[in-house]
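Structure, as structure tokens:
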Amino acid sequence: MQGDKTGDVPLSEAVKQYIKEKYNKPGDVYLGVVHRLDRPVSGALIFARTSKALTRLNEMIRDRKIDKVYWAVTANMPPAEKGHLIHYLRKNQKKNTSFAYPDPGEGRLQAELKYKYLASSDNFHLLEIDLLTGRHHQIRVQLAEIGCVVKGDLKYGASRSNKNASIHLHARKISFIHPVKKEAMEVVAPVPDDPLWKYFEAGNIEVFVQKVR
């Protein structure tokens, strides 16, 4: 998402370059990062092109007025077809992981999501996640807590990695009110070019209407 010690070109810089070329902007381009995805996660993101939009979008995030829906592929079925998970997460900075606890405690932040089962292949299962809070590695660690480790996620217990170092977690849809135009926005991200993802996407699962502004 943003520059780090690896030196890899971050997505934010690629988006700045896109804006610069598309709108023929001279000089530096402003770009506000509204929220983030973990490096191995795919899907939809929101960036702000003005500081005013960034301030308003940050307020919407805090007030839970931006709906984020994820798809996760797991090797195990969840204990129930639908669930509402609440844990208290504590981040380990050195290991860049989070740990889930059933009760509040020092340094623990409440994490909340809802999930529902959508479909299965021969060996894997597709879950839809309604993310209610935005904690570090939240979906990954909360699903692992109920025995549903995301496919390819070695950090939280997967038996093997994916060949391209991705994990099967995808930010499928974002819905919100445009911070300036006040129009309803709904953006759906196509799944990665991966046979398992394509299998699930083609499986007559709920079809979203994609609106590109």
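Naming works like this for the structure tokens: A, B, ... for the chains as they're shown, residue 1 at the start of each chain, ligands 1 onward in shown order.
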List as an MDAnalysis selection string the protein and nucleic acid residues near segment 119-130 of chain A, meaning an atom at most 9 Å away when only C-alpha atoms are counted, but skip any in the same chain fewer than 2 places from it.
chainID A and resid 67:78 81 113:117 132 139 151 172 196 199:200 203 205
Excluding Ser175 of chain A and any residue of its chain fewer than 6 positions from it, enumerate the residues within 9 Å of it, using only C-alpha atoms, and give them as JSON, numbers by chain.
{"A": [65, 66, 67, 68, 69, 184, 185, 186, 187, 188]}
Would you save the residues of that selection, restricted to C-alpha atoms, as a PDB file, in the first residue's frame?
ATOM      1  CA  LYS A  65     -20.550   4.168   7.286  1.00  0.00           C
ATOM      2  CA  ILE A  66     -18.401   2.331   4.746  1.00  0.00           C
ATOM      3  CA  ASP A  67     -19.462  -1.271   4.136  1.00  0.00           C
ATOM      4  CA  LYS A  68     -16.665  -3.696   3.221  1.00  0.00           C
ATOM      5  CA  VAL A  69     -17.415  -7.227   2.074  1.00  0.00           C
ATOM      6  CA  ALA A 184     -24.256   6.084  -3.467  1.00  0.00           C
ATOM      7  CA  MET A 185     -21.151   4.214  -4.599  1.00  0.00           C
ATOM      8  CA  GLU A 186     -20.772   0.455  -4.949  1.00  0.00           C
ATOM      9  CA  VAL A 187     -17.531  -0.986  -6.310  1.00  0.00           C
ATOM     10  CA  VAL A 188     -16.988  -4.694  -6.929  1.00  0.00           C
TER      11      VAL A 188
END
Segment 126-184 of chain A: residues DSSP assigns to helix (DSSP H, G or I), reported as JSON, numbers by chain
{"A": [138, 139, 140, 141, 142, 143, 144, 145, 154, 155, 156]}
Since we have the selection now, will you write its residues out, keeping N, CA and C atoms, as a PDB file, in the first residue's frame?
ATOM      1  N   GLN A 138      -7.280  -8.734  10.881  1.00  0.00           N
ATOM      2  CA  GLN A 138      -8.484  -9.158  11.605  1.00  0.00           C
ATOM      3  C   GLN A 138      -9.159 -10.402  11.040  1.00  0.00           C
ATOM      4  N   ILE A 139      -9.500 -10.384   9.749  1.00  0.00           N
ATOM      5  CA  ILE A 139     -10.213 -11.525   9.174  1.00  0.00           C
ATOM      6  C   ILE A 139      -9.367 -12.787   9.271  1.00  0.00           C
ATOM      7  N   ARG A 140      -8.092 -12.653   8.997  1.00  0.00           N
ATOM      8  CA  ARG A 140      -7.194 -13.808   8.995  1.00  0.00           C
ATOM      9  C   ARG A 140      -7.137 -14.469  10.369  1.00  0.00           C
ATOM     10  N   VAL A 141      -6.962 -13.657  11.413  1.00  0.00           N
ATOM     11  CA  VAL A 141      -6.803 -14.226  12.747  1.00  0.00           C
ATOM     12  C   VAL A 141      -8.139 -14.691  13.316  1.00  0.00           C
ATOM     13  N   GLN A 142      -9.221 -13.984  13.040  1.00  0.00           N
ATOM     14  CA  GLN A 142     -10.515 -14.412  13.573  1.00  0.00           C
ATOM     15  C   GLN A 142     -10.998 -15.701  12.912  1.00  0.00           C
ATOM     16  N   LEU A 143     -10.812 -15.834  11.613  1.00  0.00           N
ATOM     17  CA  LEU A 143     -11.194 -17.090  10.958  1.00  0.00           C
ATOM     18  C   LEU A 143     -10.324 -18.243  11.452  1.00  0.00           C
ATOM     19  N   ALA A 144      -9.040 -17.973  11.647  1.00  0.00           N
ATOM     20  CA  ALA A 144      -8.158 -19.021  12.172  1.00  0.00           C
ATOM     21  C   ALA A 144      -8.621 -19.485  13.553  1.00  0.00           C
ATOM     22  N   GLU A 145      -9.168 -18.580  14.340  1.00  0.00           N
ATOM     23  CA  GLU A 145      -9.636 -18.922  15.683  1.00  0.00           C
ATOM     24  C   GLU A 145     -10.795 -19.909  15.659  1.00  0.00           C
ATOM     25  N   LEU A 154       0.191 -18.951   5.571  1.00  0.00           N
ATOM     26  CA  LEU A 154       1.118 -19.664   6.456  1.00  0.00           C
ATOM     27  C   LEU A 154       1.220 -19.001   7.823  1.00  0.00           C
ATOM     28  N   LYS A 155       1.126 -17.696   7.867  1.00  0.00           N
ATOM     29  CA  LYS A 155       1.287 -16.954   9.123  1.00  0.00           C
ATOM     30  C   LYS A 155       0.255 -17.372  10.168  1.00  0.00           C
ATOM     31  N   TYR A 156      -0.915 -17.800   9.710  1.00  0.00           N
ATOM     32  CA  TYR A 156      -1.966 -18.170  10.652  1.00  0.00           C
ATOM     33  C   TYR A 156      -2.373 -19.645  10.558  1.00  0.00           C
TER      34      TYR A 156
END
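Counting only C-alpha atoms, the residue from A:Arg39, A:Arg90, A:His170, A:Lys181 that sits nearest to Gly107 of chain A is A:Arg90.
Between atom CA of Val180 of chain A and atom CA of Gly27 of chain A the separation is 24.0 Å.
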When you look at Asp38 of chain A with a cut-off of 10 Å (counting only C-alpha atoms), what residues show up, excluding the ones that are within fewer than 6 positions of it in the same chain? I need them as a PyMOL selection string.
chain A and resi 1+136-137+166-167+169
Keeping only C-alpha atoms, write those residues as a PDB file, in the first residue's frame.
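Output contents, as saved in again13.pdb:
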ATOM      1  CA  MET A   1       0.000   0.000   0.000  1.00  0.00           C
ATOM      2  CA  HIS A 136      -4.587  -5.663  12.045  1.00  0.00           C
ATOM      3  CA  HIS A 137      -4.974  -8.991  10.176  1.00  0.00           C
ATOM      4  CA  SER A 166      -0.896 -14.496  -2.173  1.00  0.00           C
ATOM      5  CA  ILE A 167      -3.584 -15.725   0.190  1.00  0.00           C
ATOM      6  CA  LEU A 169      -8.663 -13.360   0.861  1.00  0.00           C
TER       7      LEU A 169
END
